[in-house]
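S.K.: I'm passing along query.cif; it holds mmCIF, C-alpha atoms.
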data_my_file
#
loop_
_atom_site.group_PDB
_atom_site.id
_atom_site.type_symbol
_atom_site.label_atom_id
_atom_site.label_comp_id
_atom_site.auth_asym_id
_atom_site.auth_seq_id
_atom_site.Cartn_x
_atom_site.Cartn_y
_atom_site.Cartn_z
ATOM 1 C CA GLN A 1 -17.931 -4.208 6.705
ATOM 2 C CA ARG A 2 -17.509 -5.646 10.191
ATOM 3 C CA ASN A 3 -19.502 -8.774 9.310
ATOM 4 C CA ALA A 4 -17.972 -9.270 5.874
ATOM 5 C CA LYS A 5 -16.922 -12.843 5.140
ATOM 6 C CA GLY A 6 -14.249 -11.977 2.620
ATOM 7 C CA LEU A 7 -13.513 -13.653 -0.697
ATOM 8 C CA ILE A 8 -12.861 -17.153 0.661
ATOM 9 C CA GLU A 9 -15.204 -18.325 3.399
ATOM 10 C CA ASN A 10 -12.684 -20.237 5.524
ATOM 11 C CA VAL A 11 -10.084 -17.448 5.208
ATOM 12 C CA GLY A 12 -12.332 -14.562 6.238
ATOM 13 C CA PRO A 13 -11.624 -10.871 5.594
ATOM 14 C CA ILE A 14 -8.116 -10.084 4.398
ATOM 15 C CA ARG A 15 -6.138 -6.890 4.700
ATOM 16 C CA ILE A 16 -3.343 -6.204 2.236
ATOM 17 C CA ILE A 17 -0.331 -4.049 3.121
ATOM 18 C CA ASP A 18 2.049 -2.494 0.629
ATOM 19 C CA GLY A 19 3.746 0.775 -0.269
ATOM 20 C CA THR A 20 3.859 2.918 -3.369
ATOM 21 C CA TYR A 21 6.397 5.526 -4.413
ATOM 22 C CA ILE A 22 5.411 8.999 -5.601
ATOM 23 C CA LYS A 23 8.087 10.997 -7.395
ATOM 24 C CA LEU A 24 8.286 14.667 -6.429
ATOM 25 C CA PRO A 25 9.531 17.663 -8.447
ATOM 26 C CA ASN A 26 13.077 18.990 -8.012
ATOM 27 C CA TYR A 27 12.009 21.514 -5.372
ATOM 28 C CA ALA A 28 11.711 18.605 -2.902
ATOM 29 C CA LEU A 29 15.379 17.620 -3.290
ATOM 30 C CA ASN A 30 16.143 19.544 -0.115
ATOM 31 C CA TRP A 31 14.310 17.004 2.092
ATOM 32 C CA THR A 32 13.101 13.916 0.136
ATOM 33 C CA ALA A 33 16.165 13.150 -1.985
ATOM 34 C CA ILE A 34 16.819 9.486 -2.761
ATOM 35 C CA SER A 35 19.664 10.315 -5.164
ATOM 36 C CA LYS A 36 21.443 13.446 -6.372
ATOM 37 C CA ASP A 37 18.743 14.138 -8.984
ATOM 38 C CA SER A 38 15.609 12.334 -7.756
ATOM 39 C CA SER A 39 13.243 12.823 -4.834
ATOM 40 C CA GLY A 40 9.970 11.359 -3.643
ATOM 41 C CA ILE A 41 7.735 10.090 -0.876
ATOM 42 C CA LYS A 42 6.062 6.785 -0.043
ATOM 43 C CA LEU A 43 2.539 5.877 0.961
ATOM 44 C CA HIS A 44 2.386 2.808 3.207
ATOM 45 C CA VAL A 45 -1.214 1.640 2.926
ATOM 46 C CA ARG A 46 -3.457 -1.146 4.108
ATOM 47 C CA VAL A 47 -6.594 -1.964 2.145
ATOM 48 C CA VAL A 48 -9.503 -4.162 3.150
ATOM 49 C CA VAL A 49 -10.771 -6.817 0.777
ATOM 50 C CA ALA A 50 -14.260 -7.340 2.171
ATOM 51 C CA SER A 51 -15.548 -8.931 -1.042
ATOM 52 C CA ALA A 52 -14.757 -9.039 -4.750
ATOM 53 C CA ASP A 53 -16.799 -5.836 -5.181
ATOM 54 C CA SER A 54 -15.569 -3.953 -2.119
ATOM 55 C CA VAL A 55 -11.921 -3.019 -1.741
ATOM 56 C CA PHE A 56 -11.094 0.187 0.115
ATOM 57 C CA PRO A 57 -8.224 1.880 2.024
ATOM 58 C CA GLU A 58 -8.392 1.641 5.795
ATOM 59 C CA LYS A 59 -5.099 2.934 7.152
ATOM 60 C CA MET A 60 -2.065 4.830 5.872
ATOM 61 C CA ILE A 61 1.230 6.268 7.080
ATOM 62 C CA PRO A 62 3.234 8.427 4.631
ATOM 63 C CA SER A 63 7.009 8.728 4.708
ATOM 64 C CA THR A 64 9.980 10.145 2.890
ATOM 65 C CA GLY A 65 11.197 7.924 0.046
ATOM 66 C CA ASN A 66 14.187 6.560 1.968
ATOM 67 C CA ILE A 67 12.058 4.667 4.524
ATOM 68 C CA ALA A 68 11.866 0.892 3.978
ATOM 69 C CA ASP A 69 8.469 -0.791 3.872
ATOM 70 C CA SER A 70 9.393 -2.998 6.823
ATOM 71 C CA ASP A 71 10.137 0.078 8.958
ATOM 72 C CA ALA A 72 6.603 1.391 8.432
ATOM 73 C CA VAL A 73 4.557 -1.806 8.643
ATOM 74 C CA ASN A 74 3.913 -1.779 12.399
ATOM 75 C CA HIS A 75 2.178 1.588 12.043
ATOM 76 C CA ILE A 76 -0.578 0.026 9.932
ATOM 77 C CA ILE A 77 -0.938 -3.564 11.207
ATOM 78 C CA ASP A 78 -3.238 -4.578 14.066
ATOM 79 C CA ALA A 79 -4.373 -7.710 15.892
ATOM 80 C CA ASP A 80 -7.930 -7.502 14.563
ATOM 81 C CA GLY A 81 -8.604 -11.075 13.455
ATOM 82 C CA ALA A 82 -8.036 -10.415 9.737
ATOM 83 C CA LEU A 83 -5.378 -12.142 7.654
ATOM 84 C CA TYR A 84 -2.652 -9.702 6.549
ATOM 85 C CA VAL A 85 -1.138 -10.378 3.126
ATOM 86 C CA MET A 86 2.251 -8.850 2.279
ATOM 87 C CA ASP A 87 5.059 -9.090 -0.270
ATOM 88 C CA ARG A 88 8.789 -9.726 0.214
ATOM 89 C CA GLY A 89 9.574 -6.243 1.520
ATOM 90 C CA TYR A 90 7.979 -7.202 4.836
ATOM 91 C CA ALA A 91 9.624 -10.618 5.291
ATOM 92 C CA HIS A 92 11.738 -9.868 8.370
ATOM 93 C CA LYS A 93 12.033 -12.419 11.148
ATOM 94 C CA THR A 94 11.983 -9.825 13.915
ATOM 95 C CA LYS A 95 8.760 -8.392 12.504
ATOM 96 C CA MET A 96 7.183 -11.837 12.151
ATOM 97 C CA GLY A 97 8.177 -12.694 15.699
ATOM 98 C CA GLY A 98 6.502 -9.544 16.959
ATOM 99 C CA TRP A 99 3.340 -10.294 14.969
ATOM 100 C CA MET A 100 3.093 -13.781 16.426
ATOM 101 C CA GLU A 101 3.525 -12.370 19.910
ATOM 102 C CA ARG A 102 0.682 -9.931 19.213
ATOM 103 C CA LYS A 103 -1.501 -12.733 17.731
ATOM 104 C CA ILE A 104 -1.544 -11.134 14.287
ATOM 105 C CA GLN A 105 -2.421 -13.461 11.385
ATOM 106 C CA PHE A 106 -0.184 -13.030 8.339
ATOM 107 C CA LEU A 107 0.669 -14.457 4.937
ATOM 108 C CA VAL A 108 4.003 -13.141 3.667
ATOM 109 C CA ARG A 109 6.087 -13.873 0.611
ATOM 110 C CA VAL A 110 9.716 -14.518 1.543
ATOM 111 C CA ARG A 111 12.910 -14.824 -0.457
ATOM 112 C CA LYS A 112 14.368 -18.162 -1.488
ATOM 113 C CA THR A 113 17.284 -17.562 0.890
ATOM 114 C CA PHE A 114 14.983 -17.085 3.917
ATOM 115 C CA THR A 115 16.459 -19.319 6.650
ATOM 116 C CA LYS A 116 14.131 -21.636 8.534
ATOM 117 C CA GLU A 117 14.108 -25.003 10.296
ATOM 118 C CA THR A 118 11.888 -27.739 8.900
ATOM 119 C CA LEU A 119 9.774 -29.426 11.578
ATOM 120 C CA LYS A 120 7.492 -31.580 9.436
ATOM 121 C CA THR A 121 7.066 -32.263 5.730
ATOM 122 C CA PHE A 122 3.724 -32.851 3.989
ATOM 123 C CA THR A 123 3.044 -34.307 0.567
ATOM 124 C CA PRO A 124 1.739 -31.509 -1.711
ATOM 125 C CA THR A 125 -1.829 -31.979 -2.950
ATOM 126 C CA HIS A 126 -2.023 -28.955 -5.269
ATOM 127 C CA PRO A 127 -0.442 -29.410 -8.728
ATOM 128 C CA ARG A 128 1.526 -26.143 -8.514
ATOM 129 C CA VAL A 129 2.807 -26.645 -4.957
ATOM 130 C CA THR A 130 6.340 -28.084 -4.747
ATOM 131 C CA LYS A 131 6.802 -27.841 -0.959
ATOM 132 C CA ASN A 132 4.423 -27.907 1.998
ATOM 133 C CA GLU A 133 6.198 -27.807 5.348
ATOM 134 C CA LEU A 134 5.713 -26.945 8.977
ATOM 135 C CA VAL A 135 8.739 -24.828 9.894
ATOM 136 C CA SER A 136 10.237 -22.626 12.584
ATOM 137 C CA ILE A 137 11.589 -19.159 11.803
ATOM 138 C CA ILE A 138 13.991 -19.750 14.729
ATOM 139 C CA THR A 139 13.233 -16.404 16.449
ATOM 140 C CA ARG A 140 9.926 -17.830 17.802
ATOM 141 C CA LYS A 141 8.972 -21.268 19.051
ATOM 142 C CA GLU A 142 5.546 -21.278 17.373
ATOM 143 C CA PRO A 143 5.484 -23.282 14.100
ATOM 144 C CA VAL A 144 4.375 -21.676 10.840
ATOM 145 C CA ARG A 145 3.401 -23.057 7.440
ATOM 146 C CA TYR A 146 5.825 -22.799 4.518
ATOM 147 C CA ILE A 147 4.451 -23.175 0.992
ATOM 148 C CA GLU A 148 6.499 -23.137 -2.201
ATOM 149 C CA PHE A 149 4.648 -22.993 -5.515
ATOM 150 C CA ILE A 150 5.238 -22.114 -9.182
ATOM 151 C CA ASP A 151 2.784 -19.843 -10.998
ATOM 152 C CA GLU A 152 1.517 -20.107 -14.585
ATOM 153 C CA GLU A 153 4.567 -18.201 -15.908
ATOM 154 C CA GLY A 154 7.062 -20.454 -14.131
ATOM 155 C CA THR A 155 7.950 -17.980 -11.364
ATOM 156 C CA PRO A 156 8.631 -19.618 -7.964
ATOM 157 C CA PHE A 157 6.940 -18.174 -4.879
ATOM 158 C CA HIS A 158 7.820 -18.840 -1.233
ATOM 159 C CA LEU A 159 5.117 -18.098 1.341
ATOM 160 C CA ILE A 160 4.975 -18.232 5.131
ATOM 161 C CA THR A 161 1.787 -18.003 7.190
ATOM 162 C CA ASN A 162 0.760 -18.665 10.774
ATOM 163 C CA ARG A 163 -2.730 -19.723 9.636
ATOM 164 C CA LEU A 164 -2.126 -23.454 10.003
ATOM 165 C CA ASP A 165 -5.783 -24.281 9.305
ATOM 166 C CA LEU A 166 -5.664 -23.194 5.668
ATOM 167 C CA SER A 167 -5.312 -25.636 2.782
ATOM 168 C CA GLU A 168 -2.758 -25.230 0.014
ATOM 169 C CA GLU A 169 -5.389 -23.926 -2.383
ATOM 170 C CA GLU A 170 -6.719 -21.408 0.154
ATOM 171 C CA ILE A 171 -3.203 -20.086 0.759
ATOM 172 C CA LEU A 172 -2.496 -19.714 -2.971
ATOM 173 C CA GLU A 173 -5.850 -18.059 -3.707
ATOM 174 C CA THR A 174 -5.427 -15.677 -0.773
ATOM 175 C CA TYR A 175 -1.983 -14.564 -1.910
ATOM 176 C CA LYS A 176 -3.266 -13.978 -5.453
ATOM 177 C CA ASN A 177 -5.625 -11.387 -3.971
ATOM 178 C CA ARG A 178 -2.595 -9.241 -3.101
ATOM 179 C CA TRP A 179 -2.990 -7.880 -6.633
ATOM 180 C CA TYR A 180 -5.962 -5.834 -5.400
ATOM 181 C CA ILE A 181 -3.651 -3.309 -3.751
ATOM 182 C CA GLU A 182 -1.672 -2.873 -6.992
ATOM 183 C CA LEU A 183 -4.936 -2.044 -8.758
ATOM 184 C CA PHE A 184 -5.784 0.345 -5.934
ATOM 185 C CA PHE A 185 -2.483 2.224 -6.294
ATOM 186 C CA LYS A 186 -3.010 2.470 -10.054
ATOM 187 C CA TRP A 187 -6.523 3.866 -9.496
ATOM 188 C CA LEU A 188 -5.262 6.298 -6.856
ATOM 189 C CA LYS A 189 -2.595 7.759 -9.138
ATOM 190 C CA GLN A 190 -4.734 7.894 -12.272
ATOM 191 C CA HIS A 191 -8.035 9.204 -10.906
ATOM 192 C CA VAL A 192 -7.286 10.919 -7.580
ATOM 193 C CA LYS A 193 -4.156 12.522 -9.051
ATOM 194 C CA VAL A 194 -1.942 12.257 -5.971
ATOM 195 C CA ARG A 195 1.022 13.280 -8.139
ATOM 196 C CA HIS A 196 -0.593 16.648 -8.834
ATOM 197 C CA LEU A 197 0.541 18.496 -5.703
ATOM 198 C CA PHE A 198 -1.166 21.624 -4.386
ATOM 199 C CA SER A 199 1.458 22.534 -1.781
ATOM 200 C CA LEU A 200 5.226 22.891 -1.620
ATOM 201 C CA SER A 201 5.461 22.322 2.131
ATOM 202 C CA PRO A 202 5.901 18.870 3.751
ATOM 203 C CA THR A 203 2.800 19.319 5.926
ATOM 204 C CA GLY A 204 0.753 20.319 2.886
ATOM 205 C CA ILE A 205 1.940 17.253 0.955
ATOM 206 C CA TRP A 206 1.110 14.895 3.841
ATOM 207 C CA ASN A 207 -2.326 16.495 4.221
ATOM 208 C CA GLN A 208 -3.035 15.986 0.535
ATOM 209 C CA MET A 209 -2.101 12.293 0.792
ATOM 210 C CA PHE A 210 -4.486 11.749 3.721
ATOM 211 C CA ILE A 211 -7.260 13.697 2.013
ATOM 212 C CA SER A 212 -6.795 11.598 -1.125
ATOM 213 C CA LEU A 213 -7.327 8.341 0.756
ATOM 214 C CA ILE A 214 -10.292 9.761 2.678
ATOM 215 C CA THR A 215 -11.781 10.765 -0.676
ATOM 216 C CA VAL A 216 -11.400 7.223 -2.028
ATOM 217 C CA ALA A 217 -12.962 5.699 1.101
ATOM 218 C CA LEU A 218 -15.952 8.076 1.101
ATOM 219 C CA THR A 219 -16.494 7.507 -2.611
ATOM 220 C CA GLU A 220 -16.577 3.749 -2.055
ATOM 221 C CA ILE A 221 -19.069 4.129 0.805
ATOM 222 C CA MET A 222 -21.356 6.230 -1.378
ATOM 223 C CA ARG A 223 -21.022 3.776 -4.240
ATOM 224 C CA LEU A 224 -22.038 0.890 -2.006
ATOM 225 C CA ILE A 225 -25.057 2.822 -0.710
ATOM 226 C CA HIS A 226 -26.359 4.320 -3.948
ATOM 227 C CA GLN A 227 -24.812 2.027 -6.616
ATOM 228 C CA PRO A 228 -24.991 4.570 -9.453
ATOM 229 C CA ASN A 229 -24.807 3.234 -12.975
ATOM 230 C CA LYS A 230 -21.457 4.912 -13.557
ATOM 231 C CA PRO A 231 -17.781 3.968 -13.114
ATOM 232 C CA VAL A 232 -16.296 4.829 -9.728
ATOM 233 C CA TRP A 233 -13.938 7.454 -11.168
ATOM 234 C CA THR A 234 -16.857 9.221 -12.900
ATOM 235 C CA PHE A 235 -18.780 9.240 -9.645
ATOM 236 C CA LEU A 236 -15.776 10.718 -7.832
ATOM 237 C CA ARG A 237 -15.259 13.487 -10.388
ATOM 238 C CA THR A 238 -18.916 14.519 -10.292
ATOM 239 C CA MET A 239 -19.062 14.328 -6.503
ATOM 240 C CA GLN A 240 -16.177 16.789 -6.207
ATOM 241 C CA GLN A 241 -18.230 19.418 -8.035
ATOM 242 C CA TYR A 242 -21.320 18.923 -5.874
ATOM 243 C CA LEU A 243 -19.603 18.441 -2.520
ATOM 244 C CA PHE A 244 -21.740 21.043 -0.718
ATOM 245 C CA ASP A 245 -24.992 20.363 -2.594
ATOM 246 C CA PRO A 246 -27.800 17.930 -1.648
ATOM 247 C CA MET A 247 -27.204 14.305 -2.580
ATOM 248 C CA LYS A 248 -30.298 14.322 -4.812
ATOM 249 C CA LYS A 249 -28.744 17.008 -6.993
ATOM 250 C CA LEU A 250 -25.557 14.957 -7.331
ATOM 251 C CA LEU A 251 -27.387 11.795 -8.415
ATOM 252 C CA LYS A 252 -29.657 13.714 -10.781
ATOM 253 C CA ASP A 253 -26.854 15.527 -12.555
ATOM 254 C CA PHE A 254 -24.665 12.575 -13.588
ATOM 255 C CA ASN A 255 -25.322 13.158 -17.272
ATOM 256 C CA ARG A 256 -24.324 16.799 -17.149
ATOM 257 C CA ARG A 257 -21.537 17.601 -19.609
ATOM 258 C CA LEU A 258 -18.467 18.706 -17.670
ATOM 259 C CA ARG A 259 -16.655 21.878 -18.683
ATOM 260 C CA LYS A 260 -12.997 21.748 -19.539
ATOM 261 C CA SER A 261 -10.612 22.814 -16.819
ATOM 262 C CA LYS A 262 -8.495 25.940 -17.343
ATOM 263 C CA GLY A 263 -5.632 24.161 -15.675
ATOM 264 C CA ARG A 264 -3.720 24.955 -12.535
ATOM 265 C CA GLN A 265 -3.061 28.678 -12.075
ATOM 266 C CA LYS A 266 0.449 29.795 -11.170
ATOM 267 C CA VAL A 267 0.866 31.107 -7.646
ATOM 268 C CA PRO A 268 3.803 33.449 -6.879
ATOM 269 C CA LEU A 269 6.236 32.054 -4.342
ATOM 270 C CA GLY A 270 6.574 33.924 -1.075
ATOM 271 C CA LYS A 271 9.597 34.426 1.144
ATOM 272 C CA PRO A 272 11.437 31.276 2.309
ATOM 273 C CA LYS A 273 10.014 29.885 5.546
ATOM 274 C CA LYS A 274 11.292 27.430 8.086
ATOM 275 C CA ILE A 275 10.369 23.917 6.957
ATOM 276 C CA ARG A 276 8.075 21.863 9.177
ATOM 277 C CA TYR A 277 8.400 18.235 8.167
ATOM 278 C CA GLY A 278 5.205 16.926 9.808
ATOM 279 C CA GLU A 279 6.821 14.267 11.998
ATOM 280 C CA ASP A 280 3.601 13.957 14.034
ATOM 281 C CA PHE A 281 1.754 12.154 11.231
ATOM 282 C CA ALA A 282 4.476 10.869 8.885
ATOM 283 C CA ILE A 283 7.749 8.955 9.083
ATOM 284 C CA VAL A 284 10.313 11.569 8.111
ATOM 285 C CA SER A 285 14.044 11.179 7.610
ATOM 286 C CA PRO A 286 15.073 14.293 5.661
ATOM 287 C CA ILE A 287 17.935 13.871 3.187
ATOM 288 C CA ASN A 288 18.974 16.600 0.764
ATOM 289 C CA GLN A 289 20.629 16.518 -2.647
ATOM 290 C CA GLU A 290 24.025 17.541 -1.264
ATOM 291 C CA HIS A 291 24.208 14.323 0.767
ATOM 292 C CA PHE A 292 24.408 12.213 -2.416
ATOM 293 C CA ILE A 293 26.696 14.674 -4.218
ATOM 294 C CA ASP A 294 29.176 14.615 -1.312
ATOM 295 C CA LYS A 295 28.914 10.818 -1.139
ATOM 296 C CA ALA A 296 29.781 10.514 -4.854
ATOM 297 C CA LYS A 297 32.723 12.867 -4.462
ATOM 298 C CA LYS A 298 34.041 10.865 -1.527
ATOM 299 C CA ARG A 299 33.863 7.582 -3.500
ATOM 300 C CA LYS A 300 35.653 9.215 -6.432
ATOM 301 C CA SER A 301 38.455 10.552 -4.240
ATOM 302 C CA GLN A 302 38.922 7.132 -2.591
ATOM 303 C CA LYS A 303 39.337 5.460 -5.988
ATOM 304 C CA GLN A 304 41.998 8.002 -6.971
#
As structure tokens, how would this structure be written, given the file I've shared?
M.R.:
Amino acid sequence: QRNAKGLIENVGPIRIIDGTYIKLPNYALNWTAISKDSSGIKLHVRVVVASADSVFPEKMIPSTGNIADSDAVNHIIDADGALYVMDRGYAHKTKMGGWMERKIQFLVRVRKTFTKETLKTFTPTHPRVTKNELVSIITRKEPVRYIEFIDEEGTPFHLITNRLDLSEEEILETYKNRWYIELFFKWLKQHVKVRHLFSLSPTGIWNQMFISLITVALTEIMRLIHQPNKPVWTFLRTMQQYLFDPMKKLLKDFNRRLRKSKGRQKVPLGKPKKIRYGEDFAIVSPINQEHFIDKAKKRKSQKQ
């Protein structure tokens, strides 16, 4: 996909960054608690939109559920010439300043209260655009483009990009493509079953997340090469059964009727072991259930 032109010729390839939350069972309350009765992890992912028919994951860093998206973004963003599209969770001036210093191209949605200094005002040419300005985010001297528009449902959007060469329509169309990563997360959870965990240990959970994304990427590569007349999720399910067989057997056996699964077999738990959180390949900030229980007790005692 190195020579891919992307969806919009003048924009080029785009990479979309976002995170998704995966709720974990109660056994993970001892290290991924986000409240006294809920726990989970996050997957911070970047996907490549090479064309309308080719969207695939390229990079990922997992974390415990208490890590903000903006704290993980620099692990998955690079100065590679692509345009990075992100939502409001990444709209931090210090991050933007660092991206401009590294010559990273970005298009980020910001909040209405985002402070900026207007340098020049342009007359909007697109019917849905209400503001088109050249602004400074104050932390850097380089100017950026600020676009304010209202979508079909009347929701206002505020965008900032350092791609000054793009027209209003190109900026709006590019941001609309951010929806591709939402579709990717939906596909990942429904068909790759990342919520169905095979390990109770942190390292095992992180490994499963990486394996899941590798599976999606390899499936997409095979789809692009062979273009079977089947949905992607059907191809993936069949491929899992014929992983160690010749490719010809896999392609030939698409119409084979699959047997029903007997379900996951129960495995007896062994003796408690020292937890290894996998800090070498994930962003980990362990918090247990007691932290939130003690916090609630403290607030209650202060009120009394």
S.K.: Looking at A:Asn10, A:Asn132, A:Thr121, A:Thr20, which one is nearest to A:Phe185, with distances taken over all atoms listed in the file?
M.R.: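 When distances to A:Phe185 are compared using all atoms listed in the file, the smallest one comes from A:Thr20.
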S.K.: Skipping near chain neighbours, those fewer than 6 positions away, what residues fall within 12 Å of A:Ile61 using all atoms listed in the file, listed as number ranges by chain?
M.R.: A: 17-20, 41-46, 67, 69, 71-77, 206-207, 209-210, 213, 278-284
S.K.: Where does the PyMOL selection byres ((chain A and resi 32) around 6) land in this file, that is, which residues does it pick, as a list in words?
M.R.: Ala28, Leu29, Trp31, Ala33, Ser39, Gly40, Thr64, Pro286 and Ile287 of chain A
S.K.: Take the residues from that selection and put them in a file with C-alpha atoms, as a PDB file, in the coordinates of the input.
M.R.:
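Just written: again_13.pdb:
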ATOM      1  CA  ALA A  28      11.711  18.605  -2.902  1.00  0.00           C
ATOM      2  CA  LEU A  29      15.379  17.620  -3.290  1.00  0.00           C
ATOM      3  CA  TRP A  31      14.310  17.004   2.092  1.00  0.00           C
ATOM      4  CA  ALA A  33      16.165  13.150  -1.985  1.00  0.00           C
ATOM      5  CA  SER A  39      13.243  12.823  -4.834  1.00  0.00           C
ATOM      6  CA  GLY A  40       9.970  11.359  -3.643  1.00  0.00           C
ATOM      7  CA  THR A  64       9.980  10.145   2.890  1.00  0.00           C
ATOM      8  CA  PRO A 286      15.073  14.293   5.661  1.00  0.00           C
ATOM      9  CA  ILE A 287      17.935  13.871   3.187  1.00  0.00           C
TER      10      ILE A 287
END
S.K.: Counting only C-alpha atoms, which of A:Ile16, A:Ile34, A:Ala296, A:Leu224 gets nearest to A:Tyr90?
M.R.: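 Smallest separation from A:Tyr90 among the options: A:Ile16.
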S.K.: Output the residue selection produced by the PyMOL selection byres ((chain A and resi 147-152) around 12) on the file above, formatted as an MDAnalysis selection string.
M.R.: chainID A and resid 107:112 118 121:135 144:146 153:164 166:173 175:176
S.K.: Could you write out as a ChimeraX atom specification the residues that the PyMOL selection byres ((chain A and resi 100) around 10) matches in the shown file?
M.R.: /A:79,95-99,101-106,140-142,144,162
S.K.: Have a look at atom CA of A:Met239 and atom CA of A:Lys193 and let me know their distance in Å, one decimal.
M.R.: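 Computing it gives 15.2 Å between the two atoms.
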S.K.: Tell me, in Å to one decimal, how far atom CA of A:Leu236 is from atom CA of A:Thr219.
M.R.: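 Interatomic distance here is 6.2 Å.
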S.K.: Using the atoms already present, construct N, CA, C and O atoms for stretch 32-46 of chain A and hand them back as a short mmCIF file (atom, residue, chain, number, x, y, z; two decimals), keeping the file's coordinate frame.
M.R.:
data_model
loop_
_atom_site.label_atom_id
_atom_site.label_comp_id
_atom_site.auth_asym_id
_atom_site.auth_seq_id
_atom_site.Cartn_x
_atom_site.Cartn_y
_atom_site.Cartn_z
N THR A 32 13.54 15.28 0.48
CA THR A 32 13.10 13.92 0.14
C THR A 32 14.00 13.27 -0.91
O THR A 32 13.56 12.41 -1.66
N ALA A 33 15.25 13.69 -0.97
CA ALA A 33 16.16 13.15 -1.98
C ALA A 33 16.44 11.67 -1.74
O ALA A 33 16.65 11.24 -0.61
N ILE A 34 16.40 10.89 -2.83
CA ILE A 34 16.82 9.49 -2.76
C ILE A 34 18.04 9.26 -3.65
O ILE A 34 18.62 8.18 -3.66
N SER A 35 18.42 10.29 -4.39
CA SER A 35 19.66 10.32 -5.16
C SER A 35 19.99 11.78 -5.43
O SER A 35 19.25 12.67 -4.98
N LYS A 36 21.05 12.05 -6.15
CA LYS A 36 21.44 13.45 -6.37
C LYS A 36 20.49 14.19 -7.30
O LYS A 36 20.49 15.42 -7.32
N ASP A 37 19.66 13.47 -8.06
CA ASP A 37 18.74 14.14 -8.98
C ASP A 37 17.32 13.58 -8.95
O ASP A 37 16.55 13.76 -9.89
N SER A 38 16.95 12.90 -7.86
CA SER A 38 15.61 12.33 -7.76
C SER A 38 15.11 12.43 -6.32
O SER A 38 15.88 12.26 -5.37
N SER A 39 13.83 12.72 -6.17
CA SER A 39 13.24 12.82 -4.83
C SER A 39 11.82 12.29 -4.86
O SER A 39 11.17 12.24 -5.92
N GLY A 40 11.33 11.88 -3.69
CA GLY A 40 9.97 11.36 -3.64
C GLY A 40 9.56 10.93 -2.26
O GLY A 40 10.35 10.94 -1.31
N ILE A 41 8.29 10.55 -2.14
CA ILE A 41 7.74 10.09 -0.88
C ILE A 41 7.11 8.71 -1.09
O ILE A 41 6.97 8.24 -2.22
N LYS A 42 6.73 8.08 0.02
CA LYS A 42 6.06 6.78 -0.04
C LYS A 42 4.74 6.85 0.71
O LYS A 42 4.62 7.57 1.71
N LEU A 43 3.78 6.09 0.23
CA LEU A 43 2.54 5.88 0.96
C LEU A 43 2.50 4.42 1.38
O LEU A 43 2.51 3.52 0.52
N HIS A 44 2.49 4.16 2.69
CA HIS A 44 2.39 2.81 3.21
C HIS A 44 0.92 2.60 3.59
O HIS A 44 0.42 3.22 4.52
N VAL A 45 0.24 1.72 2.86
CA VAL A 45 -1.21 1.64 2.93
C VAL A 45 -1.67 0.23 3.25
O VAL A 45 -1.03 -0.76 2.85
N ARG A 46 -2.78 0.13 3.96
CA ARG A 46 -3.46 -1.15 4.11
C ARG A 46 -4.87 -1.00 3.56
O ARG A 46 -5.56 -0.02 3.85
#
